[in-house]
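Have a look at the structure below before the remarks.
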Amino acid sequence: MELKDIPITNLIPQRPPFVMVDRVLSCDMTDAVTEFVVREDNIFLDDMTLAPTGIIENIAQSCAARMGCINMQEKESVKLGFIGDIRNCQILRRPKCHEKLTTYVNIIEDIFNLTLASVTVKIDDEVISTARIKIALTDMAATNQAQPEN
């Protein structure tokens, strides 16, 4: 099965209607790329555009999806993570309904249970948001998730 075909709910702890990533396009120990299409039923939609909180949640869930891919490769359960810090967050434009966000995660540091990442969100070639995010991982597995394949 290709990475892009893995159901996103196997990789992240969030569940609808709070899922802000559709699929993972690529993932390794230092980088990940995700896609997300803004739909009309999105809970963060405001006047047919995605609210800043929706963009930030997409950034956080893209980081979570990367960790979920790594957990799956290591045959572990998806771990819960918590946003520890967001810095230098710039939202240059709010995505419109039906636009596709491509989110690029680059890991700056991964120390113990803390991950620092630089994230860029694009629509086509246009950068619409950038941020640095720090995520603290727990040893607890997310509940209500599919079990890793053996």
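All residue names refer to the structure tokens as shown: chains lettered A, B, ... in order, residues numbered from 1 in each chain, ligands numbered from 1 in order.
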With only C-alpha atoms counted and 8 Å as the cut-off, give the residues of stretch 32-53 of chain A in contact with stretch 93-98 of chain A, each with its shortest interatomic distance in Å and the pair that gives it, as a tab-separated table.
```
residue	atom	partner	partner_atom	distance
A:Val37	CA	A:His98	CA	5.9
A:Val38	CA	A:His98	CA	5.0
A:Arg39	CA	A:His98	CA	5.6
A:Glu40	CA	A:Cys97	CA	6.2
A:Leu45	CA	A:Cys97	CA	7.9
A:Met48	CA	A:Cys97	CA	5.5
A:Thr49	CA	A:Lys96	CA	4.3
A:Leu50	CA	A:Pro95	CA	5.4
A:Ala51	CA	A:Arg94	CA	6.7
A:Pro52	CA	A:Arg94	CA	7.0
```
Could you pull out the strand (DSSP E or B) residues of stretch 5-122 of chain A, going by DSSP on the backbone, and write them as number ranges by chain? A: 23-27, 31-37, 45-46, 49-50, 79-91, 96, 100-111, 114-122
Can you list, as a list of chain:residue names, every protein, DNA or RNA residue that comes within 6 Å of A:Thr34 when you count only C-alpha atoms, leaving out same-chain residues fewer than 6 positions away?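 My reading of the contact set: A:Arg23, A:Val24, A:Leu25, A:Thr102, A:Thr103.
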Please write the residues from the selection above to a file, keeping all heavy atoms, as a PDB file, in the first residue's frame.
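Saved result, selection_7.pdb, follows:
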```pdb
ATOM      1  N   ARG A  23      -4.311  13.382   3.373  1.00  0.00           N
ATOM      2  CA  ARG A  23      -3.384  12.287   3.110  1.00  0.00           C
ATOM      3  C   ARG A  23      -1.940  12.750   3.220  1.00  0.00           C
ATOM      4  O   ARG A  23      -1.648  13.938   3.146  1.00  0.00           O
ATOM      5  CB  ARG A  23      -3.637  11.670   1.741  1.00  0.00           C
ATOM      6  CG  ARG A  23      -3.396  12.592   0.583  1.00  0.00           C
ATOM      7  CD  ARG A  23      -3.822  11.950  -0.715  1.00  0.00           C
ATOM      8  NE  ARG A  23      -3.540  12.838  -1.826  1.00  0.00           N
ATOM      9  CZ  ARG A  23      -3.260  12.446  -3.039  1.00  0.00           C
ATOM     10  NH1 ARG A  23      -3.236  11.157  -3.307  1.00  0.00           N
ATOM     11  NH2 ARG A  23      -3.012  13.302  -3.993  1.00  0.00           N
ATOM     12  N   VAL A  24      -1.073  11.777   3.403  1.00  0.00           N
ATOM     13  CA  VAL A  24       0.370  12.025   3.464  1.00  0.00           C
ATOM     14  C   VAL A  24       0.958  11.646   2.110  1.00  0.00           C
ATOM     15  O   VAL A  24       0.734  10.539   1.622  1.00  0.00           O
ATOM     16  CB  VAL A  24       1.029  11.198   4.595  1.00  0.00           C
ATOM     17  CG1 VAL A  24       2.534  11.409   4.597  1.00  0.00           C
ATOM     18  CG2 VAL A  24       0.426  11.561   5.943  1.00  0.00           C
ATOM     19  N   LEU A  25       1.693  12.574   1.517  1.00  0.00           N
ATOM     20  CA  LEU A  25       2.318  12.312   0.218  1.00  0.00           C
ATOM     21  C   LEU A  25       3.713  11.712   0.368  1.00  0.00           C
ATOM     22  O   LEU A  25       4.115  10.865  -0.424  1.00  0.00           O
ATOM     23  CB  LEU A  25       2.407  13.598  -0.599  1.00  0.00           C
ATOM     24  CG  LEU A  25       1.087  14.284  -0.929  1.00  0.00           C
ATOM     25  CD1 LEU A  25       1.336  15.547  -1.742  1.00  0.00           C
ATOM     26  CD2 LEU A  25       0.156  13.341  -1.667  1.00  0.00           C
ATOM     27  N   THR A 102      -0.973  22.211   0.497  1.00  0.00           N
ATOM     28  CA  THR A 102       0.115  21.257   0.579  1.00  0.00           C
ATOM     29  C   THR A 102       1.024  21.764   1.684  1.00  0.00           C
ATOM     30  O   THR A 102       1.501  22.903   1.631  1.00  0.00           O
ATOM     31  CB  THR A 102       0.876  21.141  -0.752  1.00  0.00           C
ATOM     32  OG1 THR A 102      -0.057  20.819  -1.791  1.00  0.00           O
ATOM     33  CG2 THR A 102       1.946  20.056  -0.672  1.00  0.00           C
ATOM     34  N   THR A 103       1.216  20.934   2.700  1.00  0.00           N
ATOM     35  CA  THR A 103       1.948  21.351   3.898  1.00  0.00           C
ATOM     36  C   THR A 103       3.268  20.588   3.972  1.00  0.00           C
ATOM     37  O   THR A 103       3.286  19.359   3.904  1.00  0.00           O
ATOM     38  CB  THR A 103       1.087  21.113   5.158  1.00  0.00           C
ATOM     39  OG1 THR A 103      -0.159  21.808   4.983  1.00  0.00           O
ATOM     40  CG2 THR A 103       1.782  21.609   6.405  1.00  0.00           C
TER      41      THR A 103
END
```
Using only C-alpha atoms, what table do you get, as JSON lines, when you list each residue of stretch 22-99 of chain A with an atom no more than 6 Å from stretch 117-135 of chain A, its nearest pair of atoms, and their distance in Å rounded to one decimal, rows by chain then rising number?
```
{"residue": "A:Phe82", "atom": "CA", "partner": "A:Ile135", "partner_atom": "CA", "distance": 5.5}
{"residue": "A:Ile83", "atom": "CA", "partner": "A:Ile135", "partner_atom": "CA", "distance": 4.7}
{"residue": "A:Gly84", "atom": "CA", "partner": "A:Lys134", "partner_atom": "CA", "distance": 5.2}
{"residue": "A:Asp85", "atom": "CA", "partner": "A:Lys134", "partner_atom": "CA", "distance": 5.0}
{"residue": "A:Ile86", "atom": "CA", "partner": "A:Ile133", "partner_atom": "CA", "distance": 4.5}
{"residue": "A:Arg87", "atom": "CA", "partner": "A:Arg132", "partner_atom": "CA", "distance": 5.2}
{"residue": "A:Asn88", "atom": "CA", "partner": "A:Ala131", "partner_atom": "CA", "distance": 5.3}
{"residue": "A:Cys89", "atom": "CA", "partner": "A:Ala131", "partner_atom": "CA", "distance": 4.1}
{"residue": "A:Gln90", "atom": "CA", "partner": "A:Thr130", "partner_atom": "CA", "distance": 5.3}
{"residue": "A:Ile91", "atom": "CA", "partner": "A:Ser129", "partner_atom": "CA", "distance": 4.4}
{"residue": "A:Leu92", "atom": "CA", "partner": "A:Ile128", "partner_atom": "CA", "distance": 4.9}
{"residue": "A:Arg93", "atom": "CA", "partner": "A:Ile128", "partner_atom": "CA", "distance": 5.2}
```
To one decimal place, how far is atom CA of A:Glu2 from atom CA of A:Met29 in Å?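 One can read the atom CA of A:Glu2 to atom CA of A:Met29 distance as 17.3 Å.
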My list of candidates is A:Glu57, A:Asp41, A:Asp47, A:Asp5. Which is closest to A:Val21 when distances are computed with only C-alpha atoms?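 Of all the options, A:Glu57 lies closest to A:Val21.
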Extract, using only C-alpha atoms, all DNA, RNA and protein residues at most 8 Å from A:Leu11, discarding same-chain residues fewer than 2 positions from it, and format them as a ChimeraX atom specification. /A:7-9,13,64-69,72,78
Can you write just those residues out, all heavy atoms, as a compact mmCIF listing (two decimals), in the first residue's frame?
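Once written, part07.txt looks like this:
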```txt
# COMPACT_ATOMS: atom_id res chain seq x y z
N PRO A 7 -5.36 5.41 5.17
CA PRO A 7 -6.36 6.33 5.75
C PRO A 7 -5.71 7.23 6.80
O PRO A 7 -4.99 6.75 7.68
CB PRO A 7 -7.39 5.40 6.39
CG PRO A 7 -7.20 4.08 5.68
CD PRO A 7 -5.74 4.01 5.33
N ILE A 8 -5.96 8.53 6.69
CA ILE A 8 -5.30 9.49 7.59
C ILE A 8 -5.63 9.21 9.05
O ILE A 8 -4.80 9.44 9.92
CB ILE A 8 -5.62 10.95 7.18
CG1 ILE A 8 -4.64 11.92 7.85
CG2 ILE A 8 -7.07 11.30 7.50
CD1 ILE A 8 -3.21 11.76 7.42
N THR A 9 -6.81 8.67 9.33
CA THR A 9 -7.17 8.39 10.72
C THR A 9 -6.37 7.22 11.30
O THR A 9 -6.45 6.97 12.50
CB THR A 9 -8.68 8.14 10.87
OG1 THR A 9 -9.08 7.12 9.95
CG2 THR A 9 -9.47 9.42 10.62
N PRO A 13 -4.41 11.09 15.75
CA PRO A 13 -5.43 10.77 16.76
C PRO A 13 -6.75 11.50 16.55
O PRO A 13 -7.77 11.09 17.09
CB PRO A 13 -4.78 11.20 18.08
CG PRO A 13 -3.76 12.21 17.70
CD PRO A 13 -3.29 11.86 16.31
N ALA A 64 1.73 15.68 13.21
CA ALA A 64 1.25 14.43 13.83
C ALA A 64 1.23 13.30 12.80
O ALA A 64 1.57 12.16 13.14
CB ALA A 64 -0.15 14.64 14.41
N ALA A 65 0.84 13.60 11.57
CA ALA A 65 0.80 12.57 10.53
C ALA A 65 2.20 12.03 10.25
O ALA A 65 2.38 10.83 10.04
CB ALA A 65 0.17 13.13 9.26
N ARG A 66 3.20 12.92 10.27
CA ARG A 66 4.59 12.47 10.10
C ARG A 66 4.97 11.49 11.20
O ARG A 66 5.50 10.41 10.95
CB ARG A 66 5.54 13.66 10.11
CG ARG A 66 7.00 13.24 10.06
CD ARG A 66 7.93 14.37 10.49
NE ARG A 66 9.17 13.81 10.98
CZ ARG A 66 9.43 13.53 12.26
NH1 ARG A 66 8.56 13.76 13.21
NH2 ARG A 66 10.59 13.00 12.60
N MET A 67 4.64 11.84 12.44
CA MET A 67 4.97 10.95 13.55
C MET A 67 4.17 9.65 13.45
O MET A 67 4.70 8.58 13.75
CB MET A 67 4.67 11.66 14.88
CG MET A 67 5.36 11.03 16.06
SD MET A 67 7.15 11.12 15.94
CE MET A 67 7.56 9.40 16.12
N GLY A 68 2.92 9.73 13.01
CA GLY A 68 2.11 8.53 12.82
C GLY A 68 2.72 7.59 11.79
O GLY A 68 2.70 6.37 11.96
N CYS A 69 3.27 8.16 10.71
CA CYS A 69 3.95 7.34 9.70
C CYS A 69 5.16 6.62 10.31
O CYS A 69 5.37 5.44 10.06
CB CYS A 69 4.41 8.20 8.53
SG CYS A 69 3.11 8.76 7.46
N MET A 72 3.98 3.88 12.52
CA MET A 72 3.51 2.75 11.73
C MET A 72 4.69 1.95 11.19
O MET A 72 4.68 0.71 11.24
CB MET A 72 2.62 3.23 10.59
CG MET A 72 2.07 2.08 9.75
SD MET A 72 0.97 2.67 8.46
CE MET A 72 -0.51 2.91 9.42
N VAL A 78 -0.03 4.92 17.26
CA VAL A 78 0.09 6.36 17.09
C VAL A 78 0.09 7.01 18.47
O VAL A 78 -0.76 6.72 19.31
CB VAL A 78 -1.09 6.90 16.24
CG1 VAL A 78 -1.07 8.42 16.20
CG2 VAL A 78 -1.02 6.32 14.83
```
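Put simply, atom CA of A:Asp31 is 20.6 Å away from atom CA of A:Thr138.
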In Å and to one decimal, atom CA of A:Ile6 is distant from atom CA of A:Glu109 by 26.2 Å
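Those residues of stretch 3-72 of chain A that DSSP, working from the backbone, places in alpha helix (DSSP H) are Pro52, Thr53, Gly54, Ile55, Ile56, Glu57, Asn58, Ile59, Ala60, Gln61, Ser62, Cys63, Ala64, Ala65, Arg66, Met67, Gly68, Cys69, Ile70, Asn71 and Met72 of chain A.
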Restricted to N, CA, C and O atoms, what would the selected residues look like written as an mmCIF file, in the first residue's frame?
```cif
data_model
loop_
_atom_site.group_PDB
_atom_site.id
_atom_site.type_symbol
_atom_site.label_atom_id
_atom_site.label_comp_id
_atom_site.auth_asym_id
_atom_site.auth_seq_id
_atom_site.Cartn_x
_atom_site.Cartn_y
_atom_site.Cartn_z
ATOM 1 N N PRO A 52 -7.808 31.239 10.537
ATOM 2 C CA PRO A 52 -6.413 31.006 10.952
ATOM 3 C C PRO A 52 -6.253 29.789 11.867
ATOM 4 O O PRO A 52 -5.255 29.067 11.759
ATOM 5 N N THR A 53 -7.212 29.538 12.750
ATOM 6 C CA THR A 53 -7.115 28.361 13.623
ATOM 7 C C THR A 53 -7.115 27.070 12.817
ATOM 8 O O THR A 53 -6.476 26.094 13.210
ATOM 9 N N GLY A 54 -7.807 27.040 11.699
ATOM 10 C CA GLY A 54 -7.818 25.864 10.829
ATOM 11 C C GLY A 54 -6.463 25.639 10.175
ATOM 12 O O GLY A 54 -6.013 24.500 10.025
ATOM 13 N N ILE A 55 -5.805 26.726 9.797
ATOM 14 C CA ILE A 55 -4.463 26.613 9.214
ATOM 15 C C ILE A 55 -3.484 26.091 10.263
ATOM 16 O O ILE A 55 -2.681 25.189 9.988
ATOM 17 N N ILE A 56 -3.563 26.620 11.472
ATOM 18 C CA ILE A 56 -2.680 26.167 12.552
ATOM 19 C C ILE A 56 -2.945 24.696 12.876
ATOM 20 O O ILE A 56 -2.019 23.915 13.083
ATOM 21 N N GLU A 57 -4.211 24.304 12.863
ATOM 22 C CA GLU A 57 -4.534 22.892 13.123
ATOM 23 C C GLU A 57 -4.007 22.003 12.002
ATOM 24 O O GLU A 57 -3.520 20.905 12.249
ATOM 25 N N ASN A 58 -4.046 22.472 10.765
ATOM 26 C CA ASN A 58 -3.467 21.724 9.643
ATOM 27 C C ASN A 58 -1.964 21.542 9.845
ATOM 28 O O ASN A 58 -1.423 20.455 9.618
ATOM 29 N N ILE A 59 -1.297 22.585 10.304
ATOM 30 C CA ILE A 59 0.143 22.509 10.578
ATOM 31 C C ILE A 59 0.416 21.450 11.654
ATOM 32 O O ILE A 59 1.275 20.584 11.483
ATOM 33 N N ALA A 60 -0.328 21.522 12.751
ATOM 34 C CA ALA A 60 -0.121 20.571 13.858
ATOM 35 C C ALA A 60 -0.423 19.134 13.424
ATOM 36 O O ALA A 60 0.324 18.208 13.741
ATOM 37 N N GLN A 61 -1.515 18.943 12.686
ATOM 38 C CA GLN A 61 -1.876 17.589 12.258
ATOM 39 C C GLN A 61 -0.921 17.052 11.196
ATOM 40 O O GLN A 61 -0.707 15.839 11.115
ATOM 41 N N SER A 62 -0.319 17.925 10.402
ATOM 42 C CA SER A 62 0.691 17.469 9.442
ATOM 43 C C SER A 62 1.906 16.929 10.188
ATOM 44 O O SER A 62 2.474 15.901 9.804
ATOM 45 N N CYS A 63 2.284 17.606 11.277
ATOM 46 C CA CYS A 63 3.377 17.099 12.123
ATOM 47 C C CYS A 63 2.983 15.769 12.766
ATOM 48 O O CYS A 63 3.792 14.836 12.830
ATOM 49 N N ALA A 64 1.733 15.679 13.214
ATOM 50 C CA ALA A 64 1.246 14.434 13.826
ATOM 51 C C ALA A 64 1.230 13.297 12.804
ATOM 52 O O ALA A 64 1.570 12.158 13.136
ATOM 53 N N ALA A 65 0.843 13.597 11.573
ATOM 54 C CA ALA A 65 0.801 12.567 10.531
ATOM 55 C C ALA A 65 2.204 12.033 10.246
ATOM 56 O O ALA A 65 2.383 10.829 10.035
ATOM 57 N N ARG A 66 3.202 12.916 10.268
ATOM 58 C CA ARG A 66 4.586 12.466 10.097
ATOM 59 C C ARG A 66 4.965 11.486 11.198
ATOM 60 O O ARG A 66 5.505 10.414 10.953
ATOM 61 N N MET A 67 4.640 11.845 12.441
ATOM 62 C CA MET A 67 4.966 10.955 13.552
ATOM 63 C C MET A 67 4.172 9.654 13.447
ATOM 64 O O MET A 67 4.701 8.578 13.747
ATOM 65 N N GLY A 68 2.916 9.732 13.011
ATOM 66 C CA GLY A 68 2.107 8.530 12.817
ATOM 67 C C GLY A 68 2.715 7.593 11.786
ATOM 68 O O GLY A 68 2.700 6.366 11.957
ATOM 69 N N CYS A 69 3.269 8.158 10.714
ATOM 70 C CA CYS A 69 3.949 7.337 9.701
ATOM 71 C C CYS A 69 5.157 6.624 10.306
ATOM 72 O O CYS A 69 5.371 5.437 10.063
ATOM 73 N N ILE A 70 5.921 7.360 11.094
ATOM 74 C CA ILE A 70 7.094 6.762 11.739
ATOM 75 C C ILE A 70 6.657 5.672 12.718
ATOM 76 O O ILE A 70 7.227 4.584 12.745
ATOM 77 N N ASN A 71 5.612 5.957 13.506
ATOM 78 C CA ASN A 71 5.086 4.939 14.424
ATOM 79 C C ASN A 71 4.662 3.693 13.651
ATOM 80 O O ASN A 71 4.938 2.565 14.075
ATOM 81 N N MET A 72 3.983 3.879 12.522
ATOM 82 C CA MET A 72 3.511 2.748 11.732
ATOM 83 C C MET A 72 4.694 1.945 11.193
ATOM 84 O O MET A 72 4.682 0.712 11.242
#
```
Using only C-alpha atoms, which of A:Ile108, A:Gly81, A:Val33, A:Asn42 sits nearest A:Pro17? A:Asn42
